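Have a look at input_2.txt; it's compact mmCIF, C-alpha atoms:
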# COMPACT_ATOMS: atom_id res chain seq x y z
CA GLY A 8 146.63 101.94 98.60
CA PHE A 9 146.67 100.93 94.95
CA GLY A 10 143.83 99.70 92.74
CA HIS A 11 142.86 98.76 89.22
CA SER A 12 139.61 98.82 87.25
CA ASP A 13 138.93 97.47 83.76
CA ASN A 14 135.89 99.78 83.32
CA VAL A 15 136.29 102.93 85.41
CA LEU A 16 133.33 104.75 83.84
CA ARG A 17 130.90 101.81 84.24
CA SER A 18 130.07 102.17 80.55
CA PHE A 19 129.45 99.78 77.64
CA GLU A 20 130.46 102.36 75.02
CA ASN A 21 133.39 104.24 76.60
CA VAL A 22 135.45 101.51 78.32
CA ILE A 23 138.58 102.81 80.07
CA ASP A 24 141.08 100.51 81.78
CA ALA A 25 142.97 102.40 84.52
CA ASP A 26 145.07 102.09 87.66
CA PHE A 27 144.50 104.37 90.63
CA TYR A 28 146.01 105.28 93.98
CA VAL A 29 143.84 105.38 97.11
CA PHE A 30 144.20 107.65 100.14
CA GLY A 31 141.49 107.44 102.76
CA ILE A 32 140.13 107.58 106.29
CA ASP A 33 138.26 104.63 107.81
CA ALA A 34 136.94 105.56 111.24
CA ASP A 35 134.27 104.61 113.75
CA LEU A 36 135.23 106.77 116.70
CA LEU A 37 133.36 108.02 119.76
CA LEU A 38 135.18 110.17 122.33
CA VAL A 39 133.36 111.01 125.56
CA ARG A 40 134.56 113.66 127.98
CA PRO A 41 132.76 115.20 130.99
CA ASN A 42 131.19 117.99 128.91
CA PHE A 43 131.94 116.98 125.32
CA GLU A 44 131.25 114.12 122.92
CA PHE A 45 132.84 113.67 119.51
CA LEU A 46 131.60 111.18 116.90
CA LEU A 47 133.48 110.41 113.68
CA LEU A 48 132.20 107.95 111.07
CA SER A 49 134.20 107.70 107.87
CA ASP A 50 134.65 105.40 104.91
CA LEU A 51 136.01 108.21 102.76
CA ASP A 52 138.72 107.64 100.13
CA TYR A 53 140.32 109.85 97.49
CA LEU A 54 141.12 108.17 94.17
CA LEU A 55 143.92 109.40 91.89
CA TYR A 56 143.73 107.87 88.38
CA ASP A 57 146.69 107.39 86.03
CA ASP A 58 144.50 108.24 83.00
CA ASP A 59 143.98 111.96 82.37
CA ALA A 60 140.60 111.21 80.80
CA VAL A 61 139.25 110.15 84.21
CA ARG A 62 138.55 112.76 86.87
CA ASP A 63 140.25 112.23 90.26
CA ARG A 64 137.54 112.05 92.87
CA PRO A 65 136.55 111.37 96.47
CA ASP A 66 134.59 108.21 97.20
CA GLY A 67 132.55 107.52 100.33
CA GLN A 68 131.13 109.51 103.20
CA LEU A 69 132.37 111.30 106.31
CA ASP A 70 130.20 112.29 109.27
CA ALA A 71 131.50 114.31 112.23
CA ARG A 72 129.48 115.52 115.22
CA LEU A 73 130.69 117.54 118.23
CA THR A 74 128.32 117.92 121.18
CA TRP A 75 128.85 120.32 124.08
CA ASN A 76 126.79 119.46 127.17
CA ILE A 77 126.27 122.98 128.51
CA VAL A 78 124.14 121.73 131.40
CA ASP A 79 124.66 118.04 132.06
CA ASP A 80 121.66 115.97 130.82
CA ARG A 81 119.70 119.19 130.32
CA VAL A 82 121.06 121.51 127.61
CA ALA A 83 123.34 120.53 124.72
CA TRP A 84 124.68 122.38 121.67
CA TYR A 85 126.06 120.50 118.69
CA VAL A 86 127.78 121.01 115.35
CA GLN A 87 127.52 118.30 112.72
CA ASP A 88 129.00 117.97 109.24
CA THR A 89 128.21 115.37 106.56
CA TYR A 90 130.30 115.14 103.40
CA LEU A 91 129.37 112.71 100.64
CA GLN A 92 128.78 112.31 96.92
CA VAL A 93 125.50 111.91 95.07
CA ARG A 94 124.94 110.67 91.55
CA ASP A 95 124.07 113.20 88.86
CA ASP A 96 122.11 110.42 87.13
CA PRO A 97 120.74 108.18 89.93
CA THR A 98 120.10 105.24 87.57
CA ALA A 99 123.73 105.13 86.37
CA GLY A 100 126.72 103.63 88.18
CA ALA A 101 129.01 105.40 90.65
CA ALA A 102 131.46 106.44 87.93
CA PRO A 103 133.77 109.47 88.29
CA ASP A 104 131.88 111.52 85.70
CA ASN A 105 128.53 110.78 87.41
CA LEU A 106 129.45 111.77 90.97
CA ARG A 107 128.99 115.24 92.48
CA GLU A 108 130.18 116.39 95.90
CA MET A 109 127.71 117.49 98.57
CA ASN A 110 128.13 118.86 102.11
CA VAL A 111 125.61 119.47 104.89
CA LEU A 112 126.72 121.62 107.85
CA MET A 113 124.31 121.76 110.77
CA THR A 114 124.25 123.37 114.19
CA GLY A 115 121.56 123.27 116.85
CA VAL A 116 120.54 123.19 120.49
CA ASP A 117 118.58 120.53 122.40
CA ALA A 118 117.14 121.26 125.84
CA LEU A 119 115.42 118.88 128.25
CA LEU A 120 113.65 120.83 131.02
CA PRO A 121 112.33 118.89 134.06
CA LEU A 122 108.63 119.08 134.91
CA GLY A 123 108.51 117.03 138.07
CA GLU A 124 110.10 113.65 138.81
CA ARG A 125 109.09 111.77 135.64
CA ASN A 126 108.03 114.42 133.11
CA SER A 127 110.17 116.79 131.05
CA LEU A 128 109.81 119.32 128.24
CA ASN A 129 112.05 118.83 125.20
CA VAL A 130 112.76 121.97 123.13
CA PHE A 131 115.06 121.81 120.12
CA ALA A 132 116.07 123.94 117.14
CA SER A 133 118.64 123.68 114.33
CA TYR A 134 119.99 125.46 111.27
CA SER A 135 121.73 123.73 108.37
CA GLY A 136 123.29 124.77 105.10
CA ARG A 137 123.39 122.25 102.25
CA ASN A 138 125.81 122.83 99.38
CA GLY A 139 126.66 120.82 96.27
CA GLU A 140 128.50 121.16 93.01
CA THR A 141 126.92 123.57 90.52
CA GLU A 142 125.43 120.79 88.40
CA LEU A 143 123.25 119.61 91.30
CA ALA A 144 121.48 122.94 92.02
CA ILE A 145 120.73 121.81 95.59
CA ASP A 146 122.21 124.71 97.60
CA SER A 147 119.69 125.39 100.35
CA THR A 148 119.04 126.14 104.02
CA ASP A 149 116.91 124.31 106.57
CA VAL A 150 115.58 125.96 109.74
CA SER A 151 113.92 123.43 112.05
CA ALA A 152 112.38 123.60 115.52
CA GLY A 153 110.25 121.41 117.74
CA VAL A 154 108.85 120.71 121.16
CA GLY A 155 107.90 117.53 123.01
CA LEU A 156 106.44 116.36 126.28
CA ILE A 157 108.32 113.29 127.54
CA ARG A 158 107.46 110.92 130.37
CA GLN A 159 110.04 108.55 131.83
CA ILE A 160 108.26 105.20 132.13
CA SER A 161 111.23 103.52 133.80
CA SER A 162 114.97 104.03 134.15
CA THR A 163 115.49 102.72 130.60
CA ARG A 164 112.23 103.59 128.78
CA SER A 165 110.46 106.80 127.84
CA LEU A 166 107.38 107.92 125.92
CA GLY A 167 107.03 111.33 124.25
CA PHE A 168 104.51 113.41 122.28
CA MET A 169 106.40 115.51 119.73
CA LEU A 170 105.70 118.36 117.30
CA SER A 171 108.28 119.71 114.83
CA GLY A 172 108.57 121.76 111.68
CA SER A 173 111.17 122.53 109.01
CA LEU A 174 111.35 125.51 106.65
CA ILE A 175 113.53 124.62 103.63
CA GLU A 176 114.59 127.22 101.06
CA TYR A 177 116.58 126.48 97.91
CA ASP A 178 118.88 128.99 96.19
CA ASP A 179 118.07 127.91 92.66
CA LEU A 180 117.37 130.26 89.75
CA VAL A 181 113.69 129.51 90.31
CA PRO A 182 113.14 129.92 94.08
CA VAL A 183 111.78 126.82 95.81
CA ASP A 184 110.70 126.69 99.43
CA TYR A 185 108.42 124.47 101.44
CA GLU A 186 107.45 123.55 104.99
CA ILE A 187 107.42 120.06 106.52
CA LEU A 188 105.32 119.61 109.67
CA ARG A 189 105.36 116.50 111.87
CA GLY A 190 103.40 115.26 114.87
CA PHE A 191 104.27 111.90 116.39
CA VAL A 192 104.60 109.69 119.44
CA ARG A 193 108.15 108.60 120.32
CA TYR A 194 109.02 105.47 122.28
CA GLU A 195 112.62 104.96 123.33
CA SER A 196 114.34 102.13 125.20
CA ARG A 197 118.04 101.89 126.01
CA LEU A 198 119.61 98.76 127.49
CA ALA A 199 123.16 97.49 127.83
CA SER A 200 122.51 95.00 125.03
CA GLY A 201 120.97 97.48 122.59
CA GLN A 202 118.46 100.22 121.97
CA VAL A 203 115.28 101.00 120.05
CA GLN A 204 113.58 104.25 119.03
CA VAL A 205 110.21 104.38 117.29
CA ASP A 206 108.38 107.46 116.00
CA VAL A 207 104.77 106.94 114.84
CA GLY A 208 102.53 109.75 113.68
CA ALA A 209 101.73 111.98 110.73
CA ASN A 210 103.45 114.59 108.56
CA LYS A 211 102.68 116.96 105.69
CA VAL A 212 104.51 119.20 103.23
CA SER A 213 103.24 122.46 101.78
CA SER A 214 104.57 125.34 99.69
CA ASP A 215 103.26 128.90 99.39
CA VAL A 216 105.33 129.45 96.23
CA SER A 217 103.81 126.58 94.24
CA ASN A 218 100.48 126.61 96.12
CA PHE A 219 100.87 122.96 97.07
CA ASP A 220 99.68 120.96 100.08
CA SER A 221 100.19 117.19 100.37
CA GLY A 222 97.61 116.73 103.09
CA THR A 223 98.25 114.62 106.18
CA LEU A 224 100.28 111.47 105.50
CA PRO A 225 101.33 108.63 107.86
CA MET A 226 104.84 108.64 109.32
CA LEU A 227 107.05 105.89 110.76
CA ASP A 228 110.69 105.99 111.81
CA LEU A 229 112.21 102.97 113.58
CA SER A 230 115.82 102.32 114.55
CA TRP A 231 116.71 99.10 116.43
CA ARG A 232 120.11 97.71 117.39
CA ARG A 233 121.01 94.72 119.55
CA GLU A 234 124.23 93.06 120.70
CA ILE A 235 124.10 89.25 120.59
CA ALA A 236 126.40 87.15 122.80
CA ALA A 237 129.17 89.80 122.77
CA ARG A 238 130.21 88.64 119.29
CA SER A 239 127.48 89.87 116.97
CA ASN A 240 125.23 92.84 116.48
CA VAL A 241 122.12 93.31 114.39
CA SER A 242 120.52 96.59 113.37
CA VAL A 243 117.26 97.38 111.60
CA VAL A 244 116.13 100.69 110.14
CA LEU A 245 112.57 101.21 108.84
CA SER A 246 111.11 104.56 107.85
CA HIS A 247 108.28 106.09 105.87
CA GLN A 248 108.13 109.89 105.96
CA ILE A 249 108.35 113.12 104.00
CA SER A 250 111.94 114.16 103.38
CA ASP A 251 114.30 115.91 100.98
CA ILE A 252 117.88 115.35 99.84
CA GLY A 253 119.45 117.27 102.75
CA LEU A 254 117.45 115.45 105.44
CA SER A 255 118.14 112.02 103.91
CA ALA A 256 121.88 112.67 103.60
CA THR A 257 122.38 113.24 107.35
CA THR A 258 120.68 110.13 108.77
CA ARG A 259 123.92 108.25 109.59
CA ALA A 260 125.35 110.72 112.11
CA ASP A 261 121.88 111.03 113.67
CA GLY A 262 121.85 107.29 114.41
CA GLY A 263 119.46 106.31 111.63
CA GLY A 264 121.79 104.17 109.53
CA GLY A 265 123.75 105.08 106.44
CA LEU A 266 122.76 105.30 102.82
CA GLY A 267 125.96 103.77 101.61
CA GLY A 268 128.95 105.86 100.52
CA THR A 269 128.08 107.28 97.11
CA ALA A 270 124.67 108.08 98.51
CA ARG A 271 121.63 106.50 96.93
CA LEU A 272 119.75 109.77 96.51
CA ASN A 273 117.94 111.48 93.66
CA PRO A 274 119.66 114.93 93.46
CA VAL A 275 116.66 117.24 93.06
CA SER A 276 115.29 120.13 95.13
CA ASN A 277 111.79 118.64 95.39
CA PRO A 278 110.42 117.08 98.58
CA PHE A 279 109.44 113.43 98.45
CA GLU A 280 107.73 110.69 100.42
CA GLU A 281 110.52 108.28 101.31
CA SER A 282 110.27 104.62 102.34
CA ARG A 283 113.51 103.04 103.50
CA ALA A 284 114.50 99.66 104.98
CA GLU A 285 117.90 98.29 105.91
CA VAL A 286 119.05 95.24 107.87
CA SER A 287 122.72 94.91 108.87
CA TRP A 288 124.48 92.05 110.63
CA THR A 289 128.08 91.89 111.88
CA THR A 290 129.73 89.04 113.76
CA ARG A 291 133.23 88.53 115.16
CA HIS A 292 134.78 85.12 115.76
CA ASP A 293 138.38 84.95 116.96
CA LEU A 294 140.26 86.96 114.31
CA THR A 295 137.55 86.99 111.63
CA THR A 296 134.81 89.58 111.07
CA TRP A 297 131.80 89.01 108.81
CA SER A 298 129.20 91.58 107.77
CA LEU A 299 126.08 91.64 105.60
CA SER A 300 123.68 94.45 104.71
CA LEU A 301 120.42 94.38 102.75
CA GLY A 302 118.40 97.46 101.96
CA GLY A 303 115.90 99.23 99.77
CA LEU A 304 114.80 102.80 99.13
CA ASN A 305 111.74 104.30 97.45
CA GLN A 306 111.20 108.01 96.80
CA GLU A 307 107.82 109.22 95.51
CA PHE A 308 107.75 112.84 94.34
CA ASN A 309 104.78 115.16 94.50
CA ASP A 310 105.94 116.95 91.34
CA PRO A 311 104.67 115.08 88.22
CA ASP A 312 107.73 116.33 86.29
CA VAL A 313 110.07 114.33 88.59
CA GLU A 314 109.94 110.55 88.22
CA ASP A 315 109.82 108.30 91.28
CA PHE A 316 113.02 106.50 92.24
CA ASP A 317 113.58 102.95 93.59
CA ILE A 318 116.73 101.07 94.56
CA VAL A 319 117.59 97.70 96.14
CA TYR A 320 121.13 96.98 97.35
CA VAL A 321 123.20 94.30 99.08
CA SER A 322 126.75 94.21 100.41
CA ALA A 323 128.85 91.57 102.17
CA SER A 324 132.42 91.51 103.47
CA ILE A 325 134.86 89.46 105.50
CA GLY A 326 138.06 90.48 107.29
CA ARG A 327 140.74 88.28 108.84
CA GLU A 328 143.77 89.06 110.98
CA PHE A 329 146.93 86.97 110.81
CA SER A 330 150.17 86.87 112.76
CA ARG A 331 152.95 89.47 112.55
CA GLY A 332 150.56 92.28 111.80
CA TRP A 333 149.23 90.92 108.49
CA ARG A 334 145.52 90.98 107.81
CA ILE A 335 143.00 90.60 105.02
CA GLU A 336 141.45 94.00 105.42
CA ARG A 337 138.38 93.38 103.32
CA PHE A 338 137.02 90.88 100.89
CA GLY A 339 133.59 91.99 99.85
CA PHE A 340 130.91 92.33 97.23
CA SER A 341 128.20 94.91 96.77
CA GLY A 342 125.51 95.21 94.17
CA GLU A 343 122.41 97.26 93.49
CA ARG A 344 119.52 97.61 91.08
CA ASN A 345 117.75 100.93 90.63
CA GLU A 346 114.86 102.21 88.59
CA GLN A 347 113.51 105.67 87.80
CA GLY A 348 110.08 105.99 86.25
CA SER A 349 109.09 103.14 83.94
CA ALA A 350 111.95 103.15 81.41
CA ASP A 351 115.33 103.82 83.02
CA GLN A 352 117.01 101.02 84.94
CA GLY A 353 120.55 100.64 86.18
CA ARG A 354 122.72 98.03 87.82
CA ASP A 355 126.06 98.43 89.51
CA SER A 356 128.26 95.92 91.33
CA ASN A 357 131.83 95.67 92.52
CA ALA A 358 134.11 93.28 94.36
CA ARG A 359 137.03 94.45 96.46
CA PHE A 360 140.00 92.76 98.05
CA SER A 361 142.61 94.40 100.26
CA VAL A 362 145.57 93.26 102.31
CA GLY A 363 147.23 95.28 105.06
CA LYS A 364 150.19 95.08 107.37
CA ASP A 365 150.55 97.05 110.58
CA LEU A 366 153.87 98.90 110.52
CA GLY A 367 152.96 101.46 113.14
CA ARG A 368 151.31 103.41 110.37
CA ARG A 369 148.74 101.87 108.08
CA MET A 370 149.71 100.47 104.68
CA GLU A 371 147.10 98.95 102.40
CA LEU A 372 147.07 97.36 98.97
CA VAL A 373 143.73 97.43 97.14
CA LEU A 374 142.83 95.34 94.10
CA SER A 375 139.32 95.81 92.74
CA TYR A 376 137.11 94.70 89.88
CA LEU A 377 134.34 97.15 89.06

Show me, as C-alpha cells, the structure contained in the file I just sent.
Amino acid sequence: GFGHSDNVLRSFENVIDADFYVFGIDADLLLVRPNFEFLLLSDLDYLLYDDDAVRDRPDGQLDARLTWNIVDDRVAWYVQDTYLQVRDDPTAGAAPDNLREMNVLMTGVDALLPLGERNSLNVFASYSGRNGETELAIDSTDVSAGVGLIRQISSTRSLGFMLSGSLIEYDDLVPVDYEILRGFVRYESRLASGQVQVDVGANKVSSDVSNFDSGTLPMLDLSWRREIAARSNVSVVLSHQISDIGLSATTRADGGGGLGGTARLNPVSNPFEESRAEVSWTTRHDLTTWSLSLGGLNQEFNDPDVEDFDIVYVSASIGREFSRGWRIERFGFSGERNEQGSADQGRDSNARFSVGKDLGRRMELVLSYL
C-alpha cells in the first residue's frame, strides 16, 4: 500500500510531511486439526518512509499460538509469540521516534486430570521470555505455575477454585524480581452463541530484593462474547488485577482482548495494579461491515518514583465490498487521551481510508491523515 502524513512525528515543533509505503499482514485465522490448533491474529504493517529523517518502522501487533493436544482433552502443550511496539513516552503519540519493539515468547503445558465423573484437577505451568529494544530495559523472564479443582456443573458450564503464582525477574543493571500470587474462583460457560469466563478472588505482589509486600488486593477478570442474530457480535472485557508489562502484552492471544496495536502500556519493569475495560461491537449487513470499540486503562504503580498512567480510547471503522472485486477496505477513526501523573497529558488521533481490489493477490492503496 501507499500512504501520506502531514505530521509523521506527531509534533508541534518538528513537523515533517512524508509519503510512505505499507507492507503488512492482516489475519484472523484459526486452524483446527485432530491433535493441533493454530491461532494467528495480526494487524501488523511495516512502514517505509521517503524521508531519511524518519525511521522506518513496524506498526501493529502479531499474535501466534500453536497448541499440541498430547492427550485429547487432557494434556496440551503450547508455544505462543506476541510481537508489538510500546511507546517510549506513553503520553506522546505513536510516532516513529517514540516506538520501541517488544516480543514475548511463551511455552507451557496445561493438564486436566479426571477425578470422577464431574470433577477434575487442572495443573499448568509456563515459561516466557520478554525482550525489547535497549531503551526499554524490560528484558525479563516469567516462570508461572498453578493448580485448580474444577467441577463440571453441566455440559456447558464449570466452576473452579484456582491458585497460581508467577516469579518475574528482570535483566536490568539493577536487578528487579518479584512474585505475584493469585487465588480465585473461576466460572466458565460456553454456548454456540457465545462464551463467558469470570475470575473473582484476590492477588498480591511481593519482592525480596526491595523488601516490598502489597498485601492482599481484590482481583477480577471477566471476558464475555456473544453472537447476535448471526450478523453481529459484542464482546466485553473487564479486569482489575496485579500485572506487569509482559503479562499485559499477551492478553489478546489468551482470549482477553487486545490493547490496540501500538500497545497502550507504560514501558517500565515495575509491577502495577491494572484496571481495564473494553467494549467492542461488530455487525455485518449484506456487503458492509461496521465496528466500534471503546476502552480505558489505568495502571497504579507501587513505586512512588513511577507515576500512575491512565488512557481512554475509541475507534470506529466501516468496510464495504463492491462488484468486480473492488472494496472499501477500511474507513475509520481512532482517538485517545492519556495522562501520566498530574502534569503530562497527550492526545493522538488518526483517520484512515483504504481501497482494495482482489486480483488473486491483495493490492491496497492507503491514504491517511495523522

From the options A:Ser171, A:Gln306, A:Asn21, A:Ser217, which residue's atoms come nearest to Asp104 of chain A, counting only C-alpha atoms?
A:Asn21

Between atom CA of Tyr185 of chain A and atom CA of Ser282 of chain A, what is the distance, to one decimal in Å?
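Going from atom CA of Tyr185 of chain A over to atom CA of Ser282 of chain A covers 20.0 Å.
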
Find the smallest box with edges along x, y and z containing every listed atom of segment 10-28 of chain A, then add 6 Å on each side and report centre and edge lengths in Å to one decimal, as lines of an AutoDock Vina configuration file.
center_x = 137.7
center_y = 101.4
center_z = 84.5
size_x = 28.6
size_y = 19.8
size_z = 31.0

Could you name the residues that touch segment 49-59 of chain A at 12 Å or less, counting only C-alpha atoms, but leaving out those on the same chain fewer than 4 positions away, as a ChimeraX atom specification?
/A:8-12,15-16,23-37,63-72,88-92,102-103,259-260,265,267-269,373

Calculated over only C-alpha atoms, which of the candidates A:Thr114, A:Asn42, A:Ser276, A:Ser162 has the smallest distance to Asn138 of chain A?
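Looking only at the distances to Asn138 of chain A, the closest residue turns out to be A:Ser276.
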
Every residue with an atom at most 10 Å from (114.7, 127.2, 101.1) (file coordinates; all atoms listed in the file) is what I'm after, so could you write them as number ranges by chain?
A: 136, 145-150, 173-179, 182-186, 276

For Thr289 of chain A, work out the shell of residues within 7 Å, counting all atoms listed in the file and skipping chain neighbours fewer than 6 positions away, then give it as a short mmCIF file (atom, residue, chain, number, x, y, z; two decimals) with C-alpha atoms, in the frame of the given file.
data_model
loop_
_atom_site.label_atom_id
_atom_site.label_comp_id
_atom_site.auth_asym_id
_atom_site.auth_seq_id
_atom_site.Cartn_x
_atom_site.Cartn_y
_atom_site.Cartn_z
CA SER A 239 127.48 89.87 116.97
CA ASN A 240 125.23 92.84 116.48
CA VAL A 241 122.12 93.31 114.39
CA TRP A 297 131.80 89.01 108.81
CA SER A 298 129.20 91.58 107.77
CA LEU A 299 126.08 91.64 105.60
#

Expected answer as a ChimeraX atom specification: all residues with atoms within 12 Å of (136.0, 87.7, 118.3), all atoms listed in the file
/A:236-239,289-297,326-328

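Between atom CA of Asp317 of chain A and atom CA of Val22 of chain A there is a distance of 26.7 Å.
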
Interatomic distance (Å, one decimal) between atom CA of Asn305 of chain A and atom CA of Asp220 of chain A
20.7 Å

Please produce segment 144-154 of chain A, completed to all heavy atoms, as a compact mmCIF listing (two decimals), in the coordinates of the input.
# COMPACT_ATOMS: atom_id res chain seq x y z
N ALA A 144 122.48 121.90 91.71
CA ALA A 144 121.48 122.94 92.02
C ALA A 144 120.69 122.59 93.28
O ALA A 144 119.46 122.66 93.30
CB ALA A 144 120.54 123.15 90.83
N ILE A 145 121.40 122.19 94.35
CA ILE A 145 120.73 121.81 95.59
C ILE A 145 121.16 122.70 96.76
O ILE A 145 120.88 122.37 97.92
CB ILE A 145 121.02 120.33 95.96
CG1 ILE A 145 122.52 120.09 96.08
CG2 ILE A 145 120.37 119.40 94.96
CD1 ILE A 145 122.86 118.72 96.61
N ASP A 146 121.83 123.82 96.52
CA ASP A 146 122.21 124.71 97.60
C ASP A 146 120.94 125.21 98.30
O ASP A 146 120.00 125.71 97.66
CB ASP A 146 123.00 125.90 97.07
CG ASP A 146 124.39 125.49 96.59
OD1 ASP A 146 124.71 124.29 96.68
OD2 ASP A 146 125.14 126.36 96.12
N SER A 147 120.92 125.09 99.63
CA SER A 147 119.69 125.39 100.35
C SER A 147 119.99 125.57 101.83
O SER A 147 121.09 125.29 102.32
CB SER A 147 118.67 124.25 100.17
OG SER A 147 119.23 123.00 100.56
N THR A 148 118.98 126.03 102.57
CA THR A 148 119.04 126.14 104.02
C THR A 148 117.83 125.46 104.63
O THR A 148 116.76 125.35 104.00
CB THR A 148 119.09 127.60 104.48
OG1 THR A 148 117.92 128.29 104.01
CG2 THR A 148 120.33 128.30 103.94
N ASP A 149 117.99 124.99 105.86
CA ASP A 149 116.91 124.31 106.57
C ASP A 149 116.88 124.86 108.00
O ASP A 149 117.86 124.72 108.75
CB ASP A 149 117.16 122.80 106.58
CG ASP A 149 116.17 122.04 107.45
OD1 ASP A 149 115.18 122.65 107.91
OD2 ASP A 149 116.39 120.84 107.69
N VAL A 150 115.78 125.48 108.37
CA VAL A 150 115.58 125.96 109.74
C VAL A 150 114.49 125.09 110.36
O VAL A 150 113.36 125.05 109.86
CB VAL A 150 115.16 127.44 109.78
CG1 VAL A 150 114.93 127.89 111.22
CG2 VAL A 150 116.23 128.31 109.12
N SER A 151 114.85 124.38 111.43
CA SER A 151 113.92 123.43 112.05
C SER A 151 113.78 123.73 113.54
O SER A 151 114.73 124.22 114.19
CB SER A 151 114.39 121.99 111.87
OG SER A 151 114.46 121.63 110.52
N ALA A 152 112.62 123.42 114.08
CA ALA A 152 112.38 123.60 115.52
C ALA A 152 111.28 122.63 115.94
O ALA A 152 110.48 122.16 115.12
CB ALA A 152 111.98 125.03 115.84
N GLY A 153 111.26 122.33 117.25
CA GLY A 153 110.25 121.41 117.74
C GLY A 153 110.14 121.44 119.25
O GLY A 153 110.98 122.03 119.95
N VAL A 154 109.09 120.80 119.73
CA VAL A 154 108.85 120.71 121.16
C VAL A 154 108.20 119.37 121.46
O VAL A 154 107.49 118.81 120.61
CB VAL A 154 107.94 121.88 121.63
CG1 VAL A 154 106.57 121.80 120.97
CG2 VAL A 154 107.81 121.91 123.15
